[in-house]
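Participant: Next comes work_37.json, JSON, C-alpha atoms:
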[["chain", "number", "residue", "atom", "x", "y", "z"],
["U", 1, "MET", "CA", 71.42, 135.27, 187.88],
["U", 2, "ASN", "CA", 74.25, 133.72, 185.87],
["U", 3, "THR", "CA", 73.16, 130.14, 185.44],
["U", 4, "ALA", "CA", 71.21, 129.38, 182.27],
["U", 5, "SER", "CA", 69.37, 126.53, 183.91],
["U", 6, "PRO", "CA", 68.03, 127.45, 187.36],
["U", 7, "ASP", "CA", 66.57, 124.79, 189.58],
["U", 8, "ILE", "CA", 64.24, 124.90, 192.55],
["U", 9, "SER", "CA", 63.42, 122.30, 195.17],
["U", 10, "ALA", "CA", 60.03, 120.90, 196.14],
["U", 11, "GLN", "CA", 60.29, 122.85, 199.38],
["U", 12, "GLU", "CA", 60.92, 126.11, 197.50],
["U", 13, "ILE", "CA", 57.89, 125.45, 195.27],
["U", 14, "ALA", "CA", 55.77, 124.95, 198.40],
["U", 15, "GLU", "CA", 57.16, 128.17, 199.92],
["U", 16, "LEU", "CA", 56.39, 130.09, 196.75],
["U", 17, "ALA", "CA", 52.85, 128.70, 196.56],
["U", 18, "GLU", "CA", 52.21, 129.71, 200.17],
["U", 19, "ALA", "CA", 53.63, 133.22, 199.60],
["U", 20, "ILE", "CA", 51.40, 133.68, 196.54],
["U", 21, "LYS", "CA", 48.35, 132.49, 198.48],
["U", 22, "VAL", "CA", 49.05, 134.98, 201.29],
["U", 23, "SER", "CA", 49.83, 137.92, 198.96],
["U", 24, "HIS", "CA", 47.33, 137.36, 196.17],
["U", 25, "GLY", "CA", 44.81, 134.75, 197.33],
["U", 26, "PHE", "CA", 45.66, 132.43, 194.43],
["U", 27, "ASP", "CA", 46.26, 128.84, 195.53],
["U", 28, "PHE", "CA", 48.82, 126.85, 193.53],
["U", 29, "SER", "CA", 49.35, 124.26, 196.28],
["U", 30, "ASP", "CA", 47.51, 121.45, 194.50],
["U", 31, "TYR", "CA", 48.77, 122.15, 190.99],
["U", 32, "SER", "CA", 50.87, 119.43, 189.39],
["U", 33, "LYS", "CA", 54.31, 119.96, 190.91],
["U", 34, "ALA", "CA", 56.17, 118.92, 187.76],
["U", 35, "SER", "CA", 54.20, 121.30, 185.52],
["U", 36, "LEU", "CA", 54.44, 124.14, 188.03],
["U", 37, "LYS", "CA", 58.20, 123.67, 188.41],
["U", 38, "ARG", "CA", 58.77, 123.80, 184.64],
["U", 39, "ARG", "CA", 56.88, 127.05, 184.31],
["U", 40, "ILE", "CA", 58.44, 128.71, 187.35],
["U", 41, "VAL", "CA", 61.91, 127.86, 186.07],
["U", 42, "ARG", "CA", 60.95, 129.31, 182.70],
["U", 43, "VAL", "CA", 59.95, 132.62, 184.33],
["U", 44, "MET", "CA", 63.22, 132.68, 186.28],
["U", 45, "MET", "CA", 65.19, 132.14, 183.08],
["U", 46, "ILE", "CA", 63.30, 134.76, 181.06],
["U", 47, "LYS", "CA", 63.59, 137.40, 183.78],
["U", 48, "LYS", "CA", 67.06, 136.27, 184.97],
["U", 49, "LEU", "CA", 65.88, 136.02, 188.57],
["U", 50, "SER", "CA", 67.13, 134.10, 191.54],
["U", 51, "PHE", "CA", 64.53, 132.32, 193.64],
["U", 52, "ALA", "CA", 64.78, 135.05, 196.31],
["U", 53, "ASP", "CA", 64.26, 137.76, 193.67],
["U", 54, "LEU", "CA", 61.27, 135.88, 192.28],
["U", 55, "LYS", "CA", 59.63, 135.74, 195.73],
["U", 56, "ASP", "CA", 60.30, 139.43, 196.33],
["U", 57, "ASN", "CA", 58.84, 140.47, 192.97],
["U", 58, "LEU", "CA", 55.74, 138.35, 193.48],
["U", 59, "ALA", "CA", 55.16, 139.76, 196.96],
["U", 60, "GLY", "CA", 55.70, 143.43, 196.10],
["U", 61, "ASP", "CA", 54.69, 143.94, 192.47],
["U", 62, "PRO", "CA", 51.06, 143.23, 191.42],
["U", 63, "GLY", "CA", 52.01, 143.78, 187.78],
["U", 64, "PHE", "CA", 54.69, 141.11, 188.01],
["U", 65, "PHE", "CA", 52.22, 138.71, 189.59],
["U", 66, "GLN", "CA", 49.88, 139.21, 186.63],
["U", 67, "TYR", "CA", 52.77, 138.45, 184.28],
["U", 68, "PHE", "CA", 53.69, 135.39, 186.36],
["U", 69, "LEU", "CA", 50.08, 134.16, 186.29],
["U", 70, "GLU", "CA", 49.93, 134.50, 182.51],
["U", 71, "GLU", "CA", 53.16, 132.56, 182.11],
["U", 72, "VAL", "CA", 52.31, 129.78, 184.56],
["U", 73, "THR", "CA", 48.68, 129.08, 183.67],
["U", 74, "VAL", "CA", 48.31, 127.06, 180.48],
["U", 75, "ASN", "CA", 46.81, 128.76, 177.42],
["U", 76, "VAL", "CA", 46.90, 126.26, 174.57],
["U", 77, "THR", "CA", 43.80, 126.17, 172.40],
["U", 78, "GLU", "CA", 42.49, 125.99, 168.83],
["U", 79, "MET", "CA", 39.14, 126.29, 167.12],
["U", 80, "PHE", "CA", 37.60, 122.84, 166.76],
["U", 81, "ARG", "CA", 40.59, 121.32, 168.57],
["U", 82, "ASP", "CA", 40.32, 117.52, 168.52],
["U", 83, "PRO", "CA", 37.71, 117.24, 165.73],
["U", 84, "ALA", "CA", 36.62, 113.80, 166.94],
["U", 85, "PHE", "CA", 35.33, 115.46, 170.11],
["U", 86, "TYR", "CA", 33.06, 117.82, 168.15],
["U", 87, "LYS", "CA", 31.81, 114.99, 165.94],
["U", 88, "THR", "CA", 30.95, 112.98, 169.06],
["U", 89, "LEU", "CA", 29.27, 115.99, 170.65],
["U", 90, "ALA", "CA", 27.13, 116.55, 167.54],
["U", 91, "ARG", "CA", 26.15, 112.88, 167.38],
["U", 92, "GLU", "CA", 25.67, 111.91, 171.03],
["U", 93, "VAL", "CA", 24.94, 115.05, 173.06],
["U", 94, "ILE", "CA", 23.45, 117.87, 171.01],
["U", 95, "PRO", "CA", 20.32, 115.90, 169.98],
["U", 96, "HIS", "CA", 19.44, 115.72, 173.70],
["U", 97, "LEU", "CA", 20.09, 119.45, 174.18],
["U", 98, "ALA", "CA", 17.79, 120.25, 171.26],
["U", 99, "ALA", "CA", 14.76, 119.36, 173.38],
["U", 100, "LEU", "CA", 15.55, 122.13, 175.90],
["U", 101, "ARG", "CA", 13.93, 125.57, 175.83],
["U", 102, "GLN", "CA", 17.33, 127.18, 176.40],
["U", 103, "VAL", "CA", 20.86, 125.74, 176.22],
["U", 104, "LYS", "CA", 23.56, 127.12, 178.53],
["U", 105, "ILE", "CA", 27.20, 126.16, 177.96],
["U", 106, "TRP", "CA", 30.24, 126.90, 180.09],
["U", 107, "SER", "CA", 33.71, 126.75, 178.56],
["U", 108, "ALA", "CA", 35.93, 126.66, 181.67],
["U", 109, "GLY", "CA", 39.53, 127.69, 181.10],
["U", 110, "CYS", "CA", 38.54, 129.14, 177.73],
["U", 111, "SER", "CA", 41.84, 130.98, 177.12],
["U", 112, "SER", "CA", 41.56, 133.21, 174.03],
["U", 113, "GLY", "CA", 38.04, 132.09, 173.15],
["U", 114, "GLU", "CA", 38.48, 129.62, 170.32],
["U", 115, "GLU", "CA", 36.40, 126.92, 172.00],
["U", 116, "VAL", "CA", 33.57, 129.36, 172.74],
["U", 117, "TYR", "CA", 33.31, 130.37, 169.09],
["U", 118, "SER", "CA", 33.60, 126.73, 168.01],
["U", 119, "PHE", "CA", 30.60, 125.91, 170.18],
["U", 120, "ALA", "CA", 28.67, 128.88, 168.74],
["U", 121, "ILE", "CA", 29.28, 127.68, 165.18],
["U", 122, "LEU", "CA", 28.50, 124.04, 166.02],
["U", 123, "MET", "CA", 25.23, 125.02, 167.70],
["U", 124, "ASP", "CA", 24.30, 127.06, 164.63],
["U", 125, "HIS", "CA", 24.79, 124.01, 162.41],
["U", 126, "SER", "CA", 22.57, 122.10, 164.81],
["U", 127, "GLY", "CA", 19.82, 124.73, 164.52],
["U", 128, "LEU", "CA", 20.22, 125.81, 168.15],
["U", 129, "LYS", "CA", 22.09, 129.09, 167.78],
["U", 130, "ASN", "CA", 19.31, 131.42, 168.87],
["U", 131, "LYS", "CA", 18.58, 129.58, 172.10],
["U", 132, "THR", "CA", 22.20, 128.91, 173.12],
["U", 133, "PHE", "CA", 24.12, 131.06, 175.61],
["U", 134, "ILE", "CA", 27.83, 130.43, 176.13],
["U", 135, "SER", "CA", 29.98, 131.57, 179.05],
["U", 136, "GLY", "CA", 33.75, 131.50, 178.62],
["U", 137, "THR", "CA", 35.84, 131.88, 181.76],
["U", 138, "ASP", "CA", 39.52, 131.98, 182.56],
["U", 139, "VAL", "CA", 41.75, 133.16, 185.40],
["U", 140, "ASN", "CA", 43.90, 135.13, 182.93],
["U", 141, "ALA", "CA", 42.54, 138.62, 182.18],
["U", 142, "THR", "CA", 44.87, 139.14, 179.22],
["U", 143, "VAL", "CA", 43.66, 136.15, 177.23],
["U", 144, "LEU", "CA", 40.04, 137.09, 177.99],
["U", 145, "LYS", "CA", 40.63, 140.44, 176.25],
["U", 146, "GLU", "CA", 41.80, 138.47, 173.21],
["U", 147, "ALA", "CA", 38.73, 136.26, 173.46],
["U", 148, "ARG", "CA", 36.38, 139.24, 173.40],
["U", 149, "LYS", "CA", 38.14, 140.61, 170.32],
["U", 150, "GLY", "CA", 38.00, 137.26, 168.56],
["U", 151, "SER", "CA", 40.89, 138.13, 166.23],
["U", 152, "TYR", "CA", 43.44, 135.48, 165.29],
["U", 153, "ASN", "CA", 46.48, 135.44, 163.04],
["U", 154, "LEU", "CA", 46.06, 133.91, 159.61],
["U", 155, "ARG", "CA", 48.55, 131.15, 160.36],
["U", 156, "SER", "CA", 46.27, 129.95, 163.16],
["U", 157, "ILE", "CA", 43.20, 130.27, 160.95],
["U", 158, "LYS", "CA", 44.75, 127.77, 158.53],
["U", 159, "THR", "CA", 44.97, 125.19, 161.34],
["U", 160, "TYR", "CA", 41.45, 126.04, 162.54],
["U", 161, "THR", "CA", 40.12, 125.59, 158.99],
["U", 162, "ASP", "CA", 41.71, 122.15, 158.76],
["U", 163, "ASN", "CA", 40.11, 121.19, 162.08],
["U", 164, "TYR", "CA", 36.73, 122.46, 160.89],
["U", 165, "GLN", "CA", 36.91, 120.32, 157.76],
["U", 166, "LEU", "CA", 37.85, 117.25, 159.80],
["U", 167, "CYS", "CA", 34.68, 117.80, 161.83],
["U", 168, "GLY", "CA", 32.71, 117.19, 158.65],
["U", 169, "LEU", "CA", 30.84, 120.49, 158.90],
["U", 170, "PRO", "CA", 29.46, 122.10, 155.73],
["U", 171, "GLY", "CA", 30.89, 125.16, 154.01],
["U", 172, "SER", "CA", 34.09, 126.84, 155.13],
["U", 173, "LEU", "CA", 35.23, 128.28, 158.45],
["U", 174, "ASN", "CA", 36.16, 131.43, 156.54],
["U", 175, "ASP", "CA", 32.44, 132.16, 156.24],
["U", 176, "TYR", "CA", 32.47, 133.12, 159.94],
["U", 177, "PHE", "CA", 35.42, 135.54, 159.76],
["U", 178, "THR", "CA", 36.25, 138.92, 158.31],
["U", 179, "THR", "CA", 39.82, 138.77, 157.00],
["U", 180, "GLY", "CA", 42.27, 141.65, 157.30],
["U", 181, "TYR", "CA", 45.92, 142.05, 156.34],
["U", 182, "ASP", "CA", 47.36, 139.53, 158.78],
["U", 183, "THR", "CA", 44.43, 138.61, 161.03],
["U", 184, "ALA", "CA", 40.91, 137.27, 160.76],
["U", 185, "SER", "CA", 38.18, 138.42, 163.14],
["U", 186, "ILE", "CA", 35.10, 136.45, 164.12],
["U", 187, "GLN", "CA", 32.03, 138.24, 162.79],
["U", 188, "SER", "CA", 29.92, 140.05, 165.37],
["U", 189, "GLU", "CA", 26.98, 137.74, 164.76],
["U", 190, "TRP", "CA", 28.92, 134.90, 166.40],
["U", 191, "LYS", "CA", 29.75, 136.99, 169.45],
["U", 192, "GLN", "CA", 26.09, 137.34, 170.29],
["U", 193, "ASN", "CA", 24.93, 135.23, 173.23],
["U", 194, "THR", "CA", 28.53, 134.85, 174.44],
["U", 195, "VAL", "CA", 30.10, 136.36, 177.54],
["U", 196, "PHE", "CA", 33.67, 136.18, 178.85],
["U", 197, "SER", "CA", 34.57, 136.68, 182.50],
["U", 198, "ILE", "CA", 37.25, 135.92, 185.07],
["U", 199, "HIS", "CA", 36.63, 132.80, 187.14],
["U", 200, "ASN", "CA", 39.11, 130.86, 189.23],
["U", 201, "LEU", "CA", 38.26, 127.17, 189.29],
["U", 202, "VAL", "CA", 40.42, 126.72, 192.37],
["U", 203, "SER", "CA", 38.76, 129.29, 194.61],
["U", 204, "ASP", "CA", 35.54, 130.63, 193.05],
["U", 205, "ALA", "CA", 32.09, 129.17, 193.64],
["U", 206, "PRO", "CA", 29.69, 127.85, 190.98],
["U", 207, "PHE", "CA", 27.89, 130.74, 189.32],
["U", 208, "ASP", "CA", 25.07, 129.31, 187.22],
["U", 209, "GLN", "CA", 23.27, 126.15, 186.10],
["U", 210, "PHE", "CA", 24.60, 124.84, 182.79],
["U", 211, "ASN", "CA", 23.45, 122.11, 180.44],
["U", 212, "LEU", "CA", 26.99, 121.46, 179.24],
["U", 213, "ILE", "CA", 30.38, 122.24, 180.78],
["U", 214, "SER", "CA", 33.60, 121.81, 178.84],
["U", 215, "CYS", "CA", 36.94, 121.79, 180.66],
["U", 216, "ARG", "CA", 39.31, 119.97, 178.36],
["U", 217, "ASN", "CA", 43.06, 119.54, 178.74],
["U", 218, "VAL", "CA", 43.09, 121.29, 182.13],
["U", 219, "PHE", "CA", 42.84, 118.48, 184.72],
["U", 220, "ILE", "CA", 46.23, 117.06, 183.78],
["U", 221, "TYR", "CA", 47.83, 120.10, 185.47],
["U", 222, "PHE", "CA", 46.10, 119.46, 188.82],
["U", 223, "GLU", "CA", 46.78, 117.01, 191.64],
["U", 224, "THR", "CA", 44.00, 114.57, 192.61],
["U", 225, "ALA", "CA", 42.69, 116.62, 195.56],
["U", 226, "LEU", "CA", 42.27, 119.70, 193.40],
["U", 227, "GLN", "CA", 40.60, 117.66, 190.65],
["U", 228, "GLU", "CA", 37.99, 116.54, 193.19],
["U", 229, "GLN", "CA", 37.45, 120.11, 194.35],
["U", 230, "ILE", "CA", 36.87, 121.31, 190.79],
["U", 231, "LEU", "CA", 34.63, 118.34, 189.96],
["U", 232, "ASP", "CA", 32.45, 119.41, 192.87],
["U", 233, "VAL", "CA", 32.20, 122.90, 191.36],
["U", 234, "PHE", "CA", 31.19, 121.39, 188.03],
["U", 235, "TYR", "CA", 28.68, 119.00, 189.60],
["U", 236, "ARG", "CA", 26.97, 121.85, 191.43],
["U", 237, "SER", "CA", 27.08, 124.02, 188.29],
["U", 238, "LEU", "CA", 25.36, 121.45, 186.08],
["U", 239, "SER", "CA", 21.62, 121.27, 185.64],
["U", 240, "PRO", "CA", 19.97, 117.86, 186.15],
["U", 241, "ASN", "CA", 21.27, 115.43, 183.49],
["U", 242, "GLY", "CA", 23.79, 118.02, 182.30],
["U", 243, "TYR", "CA", 26.95, 117.01, 180.44],
["U", 244, "LEU", "CA", 30.60, 117.37, 181.46],
["U", 245, "CYS", "CA", 33.27, 117.22, 178.76],
["U", 246, "LEU", "CA", 36.86, 116.47, 179.74],
["U", 247, "GLY", "CA", 39.82, 116.06, 177.39],
["U", 248, "SER", "CA", 40.66, 112.79, 175.67],
["U", 249, "LYS", "CA", 43.65, 112.35, 178.02],
["U", 250, "GLU", "CA", 41.62, 113.09, 181.15],
["U", 251, "THR", "CA", 39.10, 111.09, 183.09],
["U", 252, "ILE", "CA", 37.25, 111.06, 186.41],
["U", 253, "ARG", "CA", 39.52, 109.10, 188.75],
["U", 254, "SER", "CA", 37.73, 109.86, 192.01],
["U", 255, "ASP", "CA", 35.50, 107.05, 193.29],
["U", 256, "LYS", "CA", 33.28, 109.69, 194.89],
["U", 257, "PHE", "CA", 32.58, 111.40, 191.57],
["U", 258, "LYS", "CA", 32.40, 108.21, 189.54],
["U", 259, "LYS", "CA", 29.14, 107.71, 191.43],
["U", 260, "LYS", "CA", 27.92, 111.18, 190.45],
["U", 261, "PHE", "CA", 28.66, 111.03, 186.71],
["U", 262, "LYS", "CA", 27.91, 108.30, 184.19],
["U", 263, "PRO", "CA", 30.07, 107.90, 181.07],
["U", 264, "VAL", "CA", 28.50, 108.94, 177.77],
["U", 265, "ASN", "CA", 31.60, 108.43, 175.64],
["U", 266, "THR", "CA", 34.72, 106.97, 177.21],
["U", 267, "LYS", "CA", 37.02, 107.80, 174.29],
["U", 268, "GLU", "CA", 36.29, 111.54, 174.45],
["U", 269, "ASN", "CA", 35.59, 111.46, 178.21],
["U", 270, "ILE", "CA", 32.10, 112.93, 178.08],
["U", 271, "TYR", "CA", 29.98, 112.36, 181.18],
["U", 272, "GLN", "CA", 26.43, 113.02, 182.29],
["U", 273, "LYS", "CA", 25.47, 114.22, 185.75],
["U", 274, "ILE", "CA", 23.53, 111.73, 187.86],
["U", 275, "SER", "CA", 20.96, 113.61, 189.92],
["U", 276, "PHE", "CA", 19.97, 112.17, 193.29]]
Can I see the file as structure tokens?
Facilitator:
Amino acid sequence: MNTASPDISAQEIAELAEAIKVSHGFDFSDYSKASLKRRIVRVMMIKKLSFADLKDNLAGDPGFFQYFLEEVTVNVTEMFRDPAFYKTLAREVIPHLAALRQVKIWSAGCSSGEEVYSFAILMDHSGLKNKTFISGTDVNATVLKEARKGSYNLRSIKTYTDNYQLCGLPGSLNDYFTTGYDTASIQSEWKQNTVFSIHNLVSDAPFDQFNLISCRNVFIYFETALQEQILDVFYRSLSPNGYLCLGSKETIRSDKFKKKFKPVNTKENIYQKISF
């Protein structure tokens, strides 16, 4: 492909989504079209593929589909990302979780695990570490391998440390890591009571009852119909009076689900399940 800036039409995006659904069972049809287009074009540019070549590779090469999935799904995360969220969680939610015999947390779309370990550390500071169990899920198997390792480059650790300090937590984030030549690895103690597994929010069913579900900075990539579908998964996955945490730029737009969740903090978009 000679052009440096390939383009694809809305019809071609729909064709590609249908072909992927038939070949691999992964449904992109309700993803944000603008976001999906940007990422498909990026793959075409990197691999120097025409649209026809892209379709052929996706249909006939499972390895290429895995690469495509990793490029198209969004994997942007940090430890203690958006410190105001963690401060709000510590102030307005965790005191209610403290009364429970066991606390179960689901980090949906956890990417390389930074949010899971952030929750583990925050729950330790709240005195709830030993009764907290955290599930991190993602559709991307490659980033889940990174999450299980819990090793991050030192450049990232600097950013994570700044976030930690902005949360107002005591001590240093470095206390939770073992530092090597160019990476820092989360200490094994903080991997206890955590589990990482593949879960597709689009097609997989609820798999447990959680007291808190976090799915931040993910909804913005989905169309309204898919947002409702995923909200239903979260509603059914939450225990009575459980909490749902969305990103600061995301909110529950559906009238149907506005009746099923009450706002706890509108700035950080934290909601509580209303049980009927």
Participant: Pull the closest atom pair for each residue of region 142-201 of chain U that gets at most 12 Å from region 24-48 of chain U, along with the distance in Å to one decimal, counting all atoms listed in the file, ordering rows by chain and then ascending residue number, as a tab-separated table.
Facilitator:
residue	atom	partner	partner_atom	distance
U:His199	CA	U:Phe26	CA	11.6
U:Asn200	CA	U:Phe26	CA	8.5
U:Leu201	CA	U:Asp27	CA	10.3
Participant: Filtering to C-alpha atoms, could you give me those residues as a compact mmCIF listing (two decimals), in the frame of the given file?
Facilitator:
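Done, and the output landed in out-v9.txt:
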# COMPACT_ATOMS: atom_id res chain seq x y z
CA HIS U 199 36.63 132.80 187.14
CA ASN U 200 39.11 130.86 189.23
CA LEU U 201 38.26 127.17 189.29
Participant: Name the closest residue to Gln66 (chain U) among the candidates U:Ala141, U:Val218, U:Val264, U:Met123; distances are taken between atoms, counting all atoms listed in the file.
Facilitator: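 Of U:Ala141, U:Val218, U:Val264, U:Met123, the one nearest Gln66 (chain U) is U:Ala141, counting all atoms listed in the file.
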Participant: Between CA of Lys21 (chain U) and CA of Pro6 (chain U), what is the distance, to one decimal in Å?
Facilitator: 23.2 Å
Participant: Using all atoms listed in the file for the distances, tell me which of U:Lys273, U:Arg81, U:Lys256, U:Lys158 is nearest to Glu115 (chain U).
Facilitator: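 Of U:Lys273, U:Arg81, U:Lys256, U:Lys158, the one nearest Glu115 (chain U) is U:Arg81, counting all atoms listed in the file.
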Participant: Which residues of region 36-124 of chain U come within 10 Å of region 205-210 of chain U, and what is each one's closest atom pair and distance in Å (one decimal), counting all atoms listed in the file, sorted by chain and residue number, as JSON lines?
Facilitator:
{"residue": "U:Gln102", "atom": "CA", "partner": "U:Phe210", "partner_atom": "CA", "distance": 10.0}
{"residue": "U:Val103", "atom": "CA", "partner": "U:Phe210", "partner_atom": "CA", "distance": 7.6}
{"residue": "U:Lys104", "atom": "CA", "partner": "U:Phe210", "partner_atom": "CA", "distance": 4.9}
{"residue": "U:Ile105", "atom": "CA", "partner": "U:Phe210", "partner_atom": "CA", "distance": 5.6}
{"residue": "U:Trp106", "atom": "CA", "partner": "U:Phe210", "partner_atom": "CA", "distance": 6.6}
Participant: State, in Å with one decimal place, the distance from CA of Pro62 (chain U) to CA of Ser23 (chain U).
Facilitator: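 Between these atoms lies a distance of 9.3 Å.
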Participant: Report as CSV the residues of region 67-126 of chain U within 7 Å of region 166-184 of chain U, each with its shortest atom pair and distance in Å (one decimal), using all atoms listed in the file, ordered by chain and increasing residue number.
Facilitator:
residue,atom,partner,partner_atom,distance
U:Pro83,CA,U:Cys167,CA,5.0
U:Ala84,CA,U:Cys167,CA,6.8
U:Tyr86,CA,U:Cys167,CA,6.5
U:Lys87,CA,U:Cys167,CA,5.7
Participant: Please determine, counting all atoms listed in the file, which residue among U:Arg148, U:Cys245, U:Arg253, U:Lys260 has the shortest atom-to-atom distance to Glu223 (chain U).
Facilitator: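 Comparing U:Arg148, U:Cys245, U:Arg253, U:Lys260 against Glu223 (chain U), the winner is U:Arg253.
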Participant: Would you compute the distance between CA of Ile186 (chain U) and CA of Gly150 (chain U)? Give it in Å to one decimal.
Facilitator: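 That distance, rounded to one decimal, is 5.4 Å.
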Participant: Which is closer to Glu71 (chain U) than all the others in U:Glu12, U:Lys55, U:Arg101, U:Val143, using only C-alpha atoms?
Facilitator: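 Looking at the shortest contact to Glu71 (chain U), the residue is U:Val143.
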Participant: Here is a test: counting only C-alpha atoms, which residue of U:Ser112, U:Thr224, U:Thr137, U:Asn163 is nearest to Ile252 (chain U)?
Facilitator: U:Thr224
Participant: Between U:Ser203, U:Ser214, U:Thr251, U:Asn265, which is the closest to Ile230 (chain U) once you count only C-alpha atoms?
Facilitator: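 Ranking U:Ser203, U:Ser214, U:Thr251, U:Asn265 by distance to Ile230 (chain U), first place goes to U:Ser203.
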Participant: With all atoms listed in the file as the counted atoms, please give the residues lying no more than 12 Å from Asp124 (chain U), apart from itself and same-chain residues fewer than 6 positions off, as a CSV table (one decimal) with C-alpha atoms, in the frame of the given file.
Facilitator:
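Listed below is the output, around.csv:
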chain,number,residue,atom,x,y,z
U,90,ALA,CA,27.1,116.6,167.5
U,94,ILE,CA,23.4,117.9,171.0
U,98,ALA,CA,17.8,120.2,171.3
U,117,TYR,CA,33.3,130.4,169.1
U,118,SER,CA,33.6,126.7,168.0
U,130,ASN,CA,19.3,131.4,168.9
U,131,LYS,CA,18.6,129.6,172.1
U,132,THR,CA,22.2,128.9,173.1
U,133,PHE,CA,24.1,131.1,175.6
U,169,LEU,CA,30.8,120.5,158.9
U,170,PRO,CA,29.5,122.1,155.7
U,176,TYR,CA,32.5,133.1,159.9
U,189,GLU,CA,27.0,137.7,164.8
U,190,TRP,CA,28.9,134.9,166.4
U,192,GLN,CA,26.1,137.3,170.3
U,193,ASN,CA,24.9,135.2,173.2
Participant: Quick one: residues within 9 Å of Leu58 (chain U), all atoms listed in the file counted, chain neighbours fewer than 3 positions away excluded, as number ranges by chain?
Facilitator: U: 16, 19-20, 23-24, 53-55, 61-65, 68
Participant: Could you pull the residues within 7 Å of Pro263 (chain U), counting only C-alpha atoms, minus those fewer than 4 positions along the same chain, as a list in words?
Facilitator: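 Residues near the query, excluding close chain neighbours: Ile270, Tyr271 and Gln272 of chain U.
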Participant: Output the selection as a PDB file, in the frame of the given file - C-alpha atoms for each residue.
Facilitator:
ATOM      1  CA  ILE U 270      32.100 112.930 178.080  1.00  0.00           C
ATOM      2  CA  TYR U 271      29.980 112.360 181.180  1.00  0.00           C
ATOM      3  CA  GLN U 272      26.430 113.020 182.290  1.00  0.00           C
TER       4      GLN U 272
END
